[in-house]
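Contents: one structure, followed by commentary.
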Amino acid sequence: MTQTTSAPEHEDGTAPPAARFDAVVEAAVQQGLLGEGGPVAGFIDTAGVRASVAALRDAFAATPGVLHTFAAKACSLIPVLRLLADCGMGCEVASPGELRLALEAGFPASRIVLDSPAKTREEIRLALALGVAVNADSLGELRRIDALRNPSTSSVLGLRVNPQVGGGSIGPMSTATDTSKFGVALRDPGAREAIVAAFRERPWLTRLHAHVGSQGCPLELIAAGVARTYELAEEINTTLGVRQITSLDIGGGLPVNFADETVRPSYADYVAALTAAAPGLFSGRYALVTEFGRSLLAKNGFIGARVEYTKDAGGRRIALTHAGAQTATRTVLMPDAWPLRIGAFGPDGVPKGGPVLAQ
Ligand SMILES: *Cc1c(COP(=O)(O)O)cnc(C)c1O
């Protein structure tokens with residue numbers, strides 16, 4: 001599959017890719033890792049990933065025992081998952097395939113969380129047998145779990161809610177609008193009562209989950225969703241007269257700045273927003289689980305592609321590479337919401353200058 005990529009340099013006025021990667025491109029070309037024999041390759045800065053994980057940990061350092069999971073959909077390549085497992089992360093998976101990848105990458109089952117809105121009976125059975133945590137997406141899915149659960153399972157079981165706090169700037173990717181499809185819609189008539197009843201009927205249901213995500217969402221919106229979830233947990237525990245909910249999976253993710261190399265917002269900004277919106281969240285009353293994907297990797301890698309041909313069309317310069325729709329699915333679907341930064345390099349792998357061309 002090929003993609004047409006116009007103008008070799010940051011033609012839309014955005015900053016070029018990180019200069020720190022320039023030497024990597026050159027070395028890759030010199031070593032033949034990127035060229036005729038391997039026209040497209042992904043590069044990950046493993047030290048950078050470790051530093052991003054450390055920044056995440058530091059931001060939550062005041063709260064002991066937080067389980068930080070990596071959302072596998074952000075990069076479901078086993079070597080990358082293995083690196084994150086090695087950093088001590090857990091893994092958030094949303095399909096049987098992602099679950100297999102997570103296990104193969106070495107995440108212990110007790111650090112894997114299965115979130116998916118459409119779990120089959122077989123998937124639920126397997127997760128429960130392995131001891132993988134499961135967040136039910138609906139009351140219907142909870143009833144399925146009722147029928148399949150063996151009381152001896154070590155899986156932590158939770159329920160996902162949609163706090164309906166509104167959408168971000170990327171409508172189709174927003175997960176907490178009134179009509180978003182994930183979780184039990186919390187503000188719908190009768191929903192709160194039904195959720196409390198669901199917990200009352202199931203003493204083994206000990207976790208609440210929400211994911212107000214993520215790209216294009218302001219931190220305040222994400223924090224408001226987490227605050228509504230925290231308040232619901234408090235309400236359920238108070239109503240039941242027992243602290244049945246012992247953990248909160250506050251989801252992810254952190255919006256990524258795609259325009260340049262600055263990390264903003266930071267994990268520390270995120271924790272500050274959560275602290276302001278839900279001061280009790282970090283009191284230790286609940287064990288916390290987080291789910292971060294893109295923010296852990298976005299600044300820590302790039303895709304290199306050999307320009308196979310160039311041509312002109314209607315006055316536009318076009319470079320044809322092998323990094324096509326398969327490497328930038330979301331950009332292809334929504335180019336304005338998921339911009340790419342593109343740099344040009346010569347046949348020796350050295351950055352190329354030249355006039356900026358129209359896109
Ligand atoms: C995608 C996703 C995440 C991570 O989102 P990012 O924006 O990649 O950080 C977390 N939780 C769930 C349920 C998701 O679907």
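Identifiers in this document derive from the order of the structure tokens: chains are assigned A, B, ..., residues are numbered from 1 separately in each chain, and ligands are numbered from 1 in order of occurrence.
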Taking only C-alpha atoms and all ligand atoms and a cut-off of 8 Å, can you tell me which residues surround ligand 1, written as a ChimeraX atom specification?
/A:70-71,73-74,92,94,115-116,210-211,213-215,251-256,290-296
I need the residues of region 68-204 of chain A that end up classed as helix (DSSP H, G or I) by DSSP on the backbone, written out as number ranges by chain.
A: 72-74, 78-86, 96-104, 109-111, 121-130, 139-148, 171-173, 191-201
Close residues, region 43-57 of chain A itself excluded, 7 Å, only C-alpha atoms, min 4 positions apart in chain, as a PyMOL selection string
chain A and resi 61+87+267+296-297+300-303
If you measure from CA of Ala18 (chain A) to CA of Met173 (chain A), what distance in Å do you get, rounded to one decimal?
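Between these atoms lies a distance of 26.7 Å.
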Using only C-alpha atoms, pick whichever of A:Pro117, A:Ile112, A:Gly38, A:Ile236 has the shortest atom-to-atom distance to Ser180 (chain A).
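Among the listed residues, the smallest separation from Ser180 (chain A) belongs to A:Pro117.
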Env of Arg121 (chain A): 12 Å cut, atoms = only C-alpha atoms, seq-sep filter 4 positions within chain, self excluded. Answer as a ChimeraX atom specification.
/A:96,125-128,140-149
Let's have the selection written as a short mmCIF file (atom, residue, chain, number, x, y, z; two decimals), in the first residue's frame, with all heavy atoms.
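Okay, this is what ended up in result32.cif:
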```cif
data_model
loop_
_atom_site.label_atom_id
_atom_site.label_comp_id
_atom_site.auth_asym_id
_atom_site.auth_seq_id
_atom_site.Cartn_x
_atom_site.Cartn_y
_atom_site.Cartn_z
N PRO A 96 -9.43 -10.39 22.36
CA PRO A 96 -8.68 -11.63 22.63
C PRO A 96 -7.27 -11.56 22.05
O PRO A 96 -6.32 -12.07 22.64
CB PRO A 96 -9.51 -12.72 21.94
CG PRO A 96 -10.80 -12.11 21.61
CD PRO A 96 -10.65 -10.63 21.58
N ARG A 125 -14.65 -16.20 29.95
CA ARG A 125 -14.22 -17.46 30.60
C ARG A 125 -12.70 -17.50 30.73
O ARG A 125 -12.16 -17.80 31.78
CB ARG A 125 -14.68 -18.64 29.73
CG ARG A 125 -15.49 -19.67 30.48
CD ARG A 125 -15.93 -20.80 29.55
NE ARG A 125 -17.36 -20.74 29.32
CZ ARG A 125 -17.94 -20.67 28.14
NH1 ARG A 125 -17.22 -20.64 27.03
NH2 ARG A 125 -19.24 -20.63 28.05
N LEU A 126 -12.02 -17.16 29.62
CA LEU A 126 -10.56 -17.20 29.61
C LEU A 126 -9.98 -16.19 30.59
O LEU A 126 -9.06 -16.51 31.37
CB LEU A 126 -10.04 -16.92 28.19
CG LEU A 126 -8.52 -16.85 28.03
CD1 LEU A 126 -7.89 -18.22 28.35
CD2 LEU A 126 -8.13 -16.41 26.62
N ALA A 127 -10.50 -14.97 30.57
CA ALA A 127 -9.98 -13.92 31.46
C ALA A 127 -10.14 -14.35 32.92
O ALA A 127 -9.23 -14.18 33.74
CB ALA A 127 -10.70 -12.61 31.20
N LEU A 128 -11.30 -14.91 33.24
CA LEU A 128 -11.55 -15.31 34.63
C LEU A 128 -10.64 -16.48 35.02
O LEU A 128 -10.16 -16.55 36.15
CB LEU A 128 -13.02 -15.70 34.82
CG LEU A 128 -14.04 -14.57 34.60
CD1 LEU A 128 -15.46 -15.10 34.76
CD2 LEU A 128 -13.80 -13.41 35.56
N GLY A 140 -25.75 -5.87 31.02
CA GLY A 140 -25.92 -7.15 30.31
C GLY A 140 -24.66 -7.99 30.40
O GLY A 140 -24.72 -9.22 30.60
N GLU A 141 -23.52 -7.32 30.27
CA GLU A 141 -22.26 -8.08 30.36
C GLU A 141 -22.06 -8.60 31.79
O GLU A 141 -21.52 -9.69 31.98
CB GLU A 141 -21.10 -7.20 29.92
CG GLU A 141 -19.89 -8.01 29.51
CD GLU A 141 -18.84 -7.18 28.80
OE1 GLU A 141 -18.14 -6.40 29.47
OE2 GLU A 141 -18.73 -7.29 27.58
N LEU A 142 -22.50 -7.82 32.77
CA LEU A 142 -22.41 -8.29 34.16
C LEU A 142 -23.20 -9.59 34.35
O LEU A 142 -22.77 -10.51 35.04
CB LEU A 142 -22.99 -7.25 35.12
CG LEU A 142 -22.04 -6.27 35.80
CD1 LEU A 142 -22.82 -5.47 36.84
CD2 LEU A 142 -20.86 -6.98 36.44
N ARG A 143 -24.37 -9.65 33.71
CA ARG A 143 -25.19 -10.85 33.85
C ARG A 143 -24.50 -12.06 33.21
O ARG A 143 -24.59 -13.17 33.70
CB ARG A 143 -26.59 -10.63 33.24
CG ARG A 143 -27.45 -9.71 34.12
CD ARG A 143 -28.90 -9.64 33.67
NE ARG A 143 -29.08 -8.83 32.47
CZ ARG A 143 -29.24 -7.49 32.49
NH1 ARG A 143 -29.26 -6.83 33.63
NH2 ARG A 143 -29.41 -6.83 31.37
N ARG A 144 -23.77 -11.80 32.13
CA ARG A 144 -22.98 -12.89 31.54
C ARG A 144 -21.91 -13.37 32.51
O ARG A 144 -21.67 -14.56 32.65
CB ARG A 144 -22.27 -12.40 30.28
CG ARG A 144 -23.03 -12.70 29.05
CD ARG A 144 -22.14 -12.59 27.83
NE ARG A 144 -23.02 -12.61 26.67
CZ ARG A 144 -22.62 -12.54 25.43
NH1 ARG A 144 -21.34 -12.41 25.16
NH2 ARG A 144 -23.48 -12.59 24.45
N ILE A 145 -21.26 -12.39 33.16
CA ILE A 145 -20.21 -12.75 34.12
C ILE A 145 -20.82 -13.55 35.26
O ILE A 145 -20.23 -14.53 35.73
CB ILE A 145 -19.47 -11.48 34.62
CG1 ILE A 145 -18.71 -10.85 33.45
CG2 ILE A 145 -18.54 -11.81 35.77
CD1 ILE A 145 -18.05 -9.52 33.76
N ASP A 146 -22.03 -13.18 35.69
CA ASP A 146 -22.73 -13.93 36.75
C ASP A 146 -22.75 -15.42 36.41
O ASP A 146 -22.49 -16.27 37.24
CB ASP A 146 -24.20 -13.49 36.85
CG ASP A 146 -24.36 -12.14 37.52
OD1 ASP A 146 -23.42 -11.71 38.21
OD2 ASP A 146 -25.43 -11.52 37.34
N ALA A 147 -23.08 -15.69 35.15
CA ALA A 147 -23.27 -17.08 34.74
C ALA A 147 -21.95 -17.83 34.58
O ALA A 147 -21.91 -19.05 34.68
CB ALA A 147 -24.06 -17.12 33.42
N LEU A 148 -20.87 -17.10 34.35
CA LEU A 148 -19.60 -17.75 34.02
C LEU A 148 -18.61 -17.75 35.17
O LEU A 148 -17.60 -18.46 35.14
CB LEU A 148 -18.94 -17.03 32.82
CG LEU A 148 -19.75 -17.05 31.53
CD1 LEU A 148 -19.13 -16.10 30.51
CD2 LEU A 148 -19.82 -18.47 30.96
N ARG A 149 -18.86 -16.93 36.18
CA ARG A 149 -17.85 -16.70 37.22
C ARG A 149 -17.75 -17.91 38.15
O ARG A 149 -18.74 -18.42 38.64
CB ARG A 149 -18.23 -15.46 38.03
CG ARG A 149 -17.12 -14.90 38.89
CD ARG A 149 -17.66 -13.78 39.75
NE ARG A 149 -18.57 -14.31 40.76
CZ ARG A 149 -18.21 -14.61 41.99
NH1 ARG A 149 -16.99 -14.41 42.41
NH2 ARG A 149 -19.11 -15.11 42.82
#
```
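Excluding Val242 (chain A) and any residue on its chain fewer than 3 positions from it, the residues at most 12 Å away by only C-alpha atoms are Phe199, Arg200, Pro203, Thr206, Ala233, Glu234, Glu235, Ile236, Asn237, Thr238, Thr239, Ile245 and Thr246 of chain A.
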For those residues, write all heavy atoms to a file as a compact mmCIF listing (two decimals), in the first residue's frame.
```txt
# COMPACT_ATOMS: atom_id res chain seq x y z
N PHE A 199 -24.27 -3.53 42.26
CA PHE A 199 -23.20 -3.78 43.25
C PHE A 199 -23.78 -4.50 44.47
O PHE A 199 -23.14 -5.40 45.02
CB PHE A 199 -22.51 -2.46 43.66
CG PHE A 199 -21.42 -2.05 42.69
CD1 PHE A 199 -21.71 -1.35 41.54
CD2 PHE A 199 -20.10 -2.41 42.92
CE1 PHE A 199 -20.71 -0.99 40.63
CE2 PHE A 199 -19.09 -2.06 42.03
CZ PHE A 199 -19.40 -1.35 40.88
N ARG A 200 -24.99 -4.13 44.88
CA ARG A 200 -25.57 -4.77 46.07
C ARG A 200 -25.74 -6.27 45.83
O ARG A 200 -25.47 -7.09 46.70
CB ARG A 200 -26.92 -4.13 46.40
CG ARG A 200 -27.57 -4.76 47.63
CD ARG A 200 -28.91 -4.14 47.98
NE ARG A 200 -28.79 -2.83 48.58
CZ ARG A 200 -29.30 -1.72 48.07
NH1 ARG A 200 -29.99 -1.75 46.95
NH2 ARG A 200 -29.13 -0.57 48.68
N PRO A 203 -21.48 -9.00 45.70
CA PRO A 203 -20.43 -8.58 46.64
C PRO A 203 -19.03 -8.69 46.04
O PRO A 203 -18.10 -8.06 46.53
CB PRO A 203 -20.60 -9.55 47.81
CG PRO A 203 -21.92 -10.20 47.63
CD PRO A 203 -22.29 -10.11 46.18
N THR A 206 -16.01 -5.17 42.78
CA THR A 206 -15.27 -4.30 43.71
C THR A 206 -14.58 -3.12 43.04
O THR A 206 -13.82 -2.41 43.68
CB THR A 206 -14.19 -5.12 44.46
OG1 THR A 206 -13.30 -5.68 43.49
CG2 THR A 206 -14.80 -6.22 45.31
N ALA A 233 -18.53 5.97 43.54
CA ALA A 233 -17.99 4.91 44.40
C ALA A 233 -18.31 5.21 45.87
O ALA A 233 -18.73 4.31 46.62
CB ALA A 233 -16.47 4.79 44.20
N GLU A 234 -18.13 6.47 46.25
CA GLU A 234 -18.44 6.86 47.64
C GLU A 234 -19.92 6.62 47.93
O GLU A 234 -20.28 6.09 49.00
CB GLU A 234 -18.09 8.34 47.85
CG GLU A 234 -16.60 8.60 47.93
CD GLU A 234 -15.97 8.06 49.20
OE1 GLU A 234 -16.06 8.72 50.24
OE2 GLU A 234 -15.42 6.94 49.12
N GLU A 235 -20.76 6.99 46.97
CA GLU A 235 -22.21 6.82 47.17
C GLU A 235 -22.57 5.33 47.32
O GLU A 235 -23.36 4.95 48.18
CB GLU A 235 -22.96 7.44 46.00
CG GLU A 235 -24.47 7.32 46.10
CD GLU A 235 -25.17 7.83 44.84
OE1 GLU A 235 -24.67 8.80 44.23
OE2 GLU A 235 -26.21 7.24 44.47
N ILE A 236 -21.98 4.51 46.46
CA ILE A 236 -22.30 3.07 46.52
C ILE A 236 -21.85 2.50 47.87
O ILE A 236 -22.61 1.80 48.55
CB ILE A 236 -21.63 2.32 45.34
CG1 ILE A 236 -22.27 2.75 44.02
CG2 ILE A 236 -21.74 0.81 45.53
CD1 ILE A 236 -21.55 2.25 42.78
N ASN A 237 -20.62 2.82 48.26
CA ASN A 237 -20.11 2.26 49.52
C ASN A 237 -20.94 2.74 50.71
O ASN A 237 -21.21 1.97 51.63
CB ASN A 237 -18.63 2.62 49.70
CG ASN A 237 -17.73 1.76 48.82
OD1 ASN A 237 -18.17 0.77 48.25
ND2 ASN A 237 -16.47 2.14 48.70
N THR A 238 -21.35 4.01 50.68
CA THR A 238 -22.16 4.55 51.78
C THR A 238 -23.53 3.87 51.80
O THR A 238 -24.01 3.43 52.84
CB THR A 238 -22.33 6.08 51.61
OG1 THR A 238 -21.02 6.65 51.54
CG2 THR A 238 -23.08 6.68 52.77
N THR A 239 -24.12 3.75 50.63
CA THR A 239 -25.46 3.14 50.55
C THR A 239 -25.43 1.69 51.01
O THR A 239 -26.33 1.23 51.70
CB THR A 239 -25.99 3.21 49.10
OG1 THR A 239 -25.87 4.53 48.63
CG2 THR A 239 -27.44 2.77 49.03
N ILE A 245 -16.47 -1.28 47.13
CA ILE A 245 -15.58 -0.83 46.05
C ILE A 245 -14.24 -0.47 46.68
O ILE A 245 -14.15 0.42 47.51
CB ILE A 245 -16.17 0.37 45.30
CG1 ILE A 245 -17.51 -0.02 44.67
CG2 ILE A 245 -15.19 0.88 44.23
CD1 ILE A 245 -18.20 1.09 43.93
N THR A 246 -13.24 -1.21 46.27
CA THR A 246 -11.91 -1.01 46.87
C THR A 246 -10.92 -0.42 45.87
O THR A 246 -9.86 0.01 46.27
CB THR A 246 -11.35 -2.35 47.39
OG1 THR A 246 -11.43 -3.31 46.32
CG2 THR A 246 -12.15 -2.85 48.59
```
Residue neighbourhood Val24 (chain A), 9 Å, only C-alpha atoms, exclusion window fewer than 4 positions, as a PyMOL selection string:
chain A and resi 20+28-29+43+349
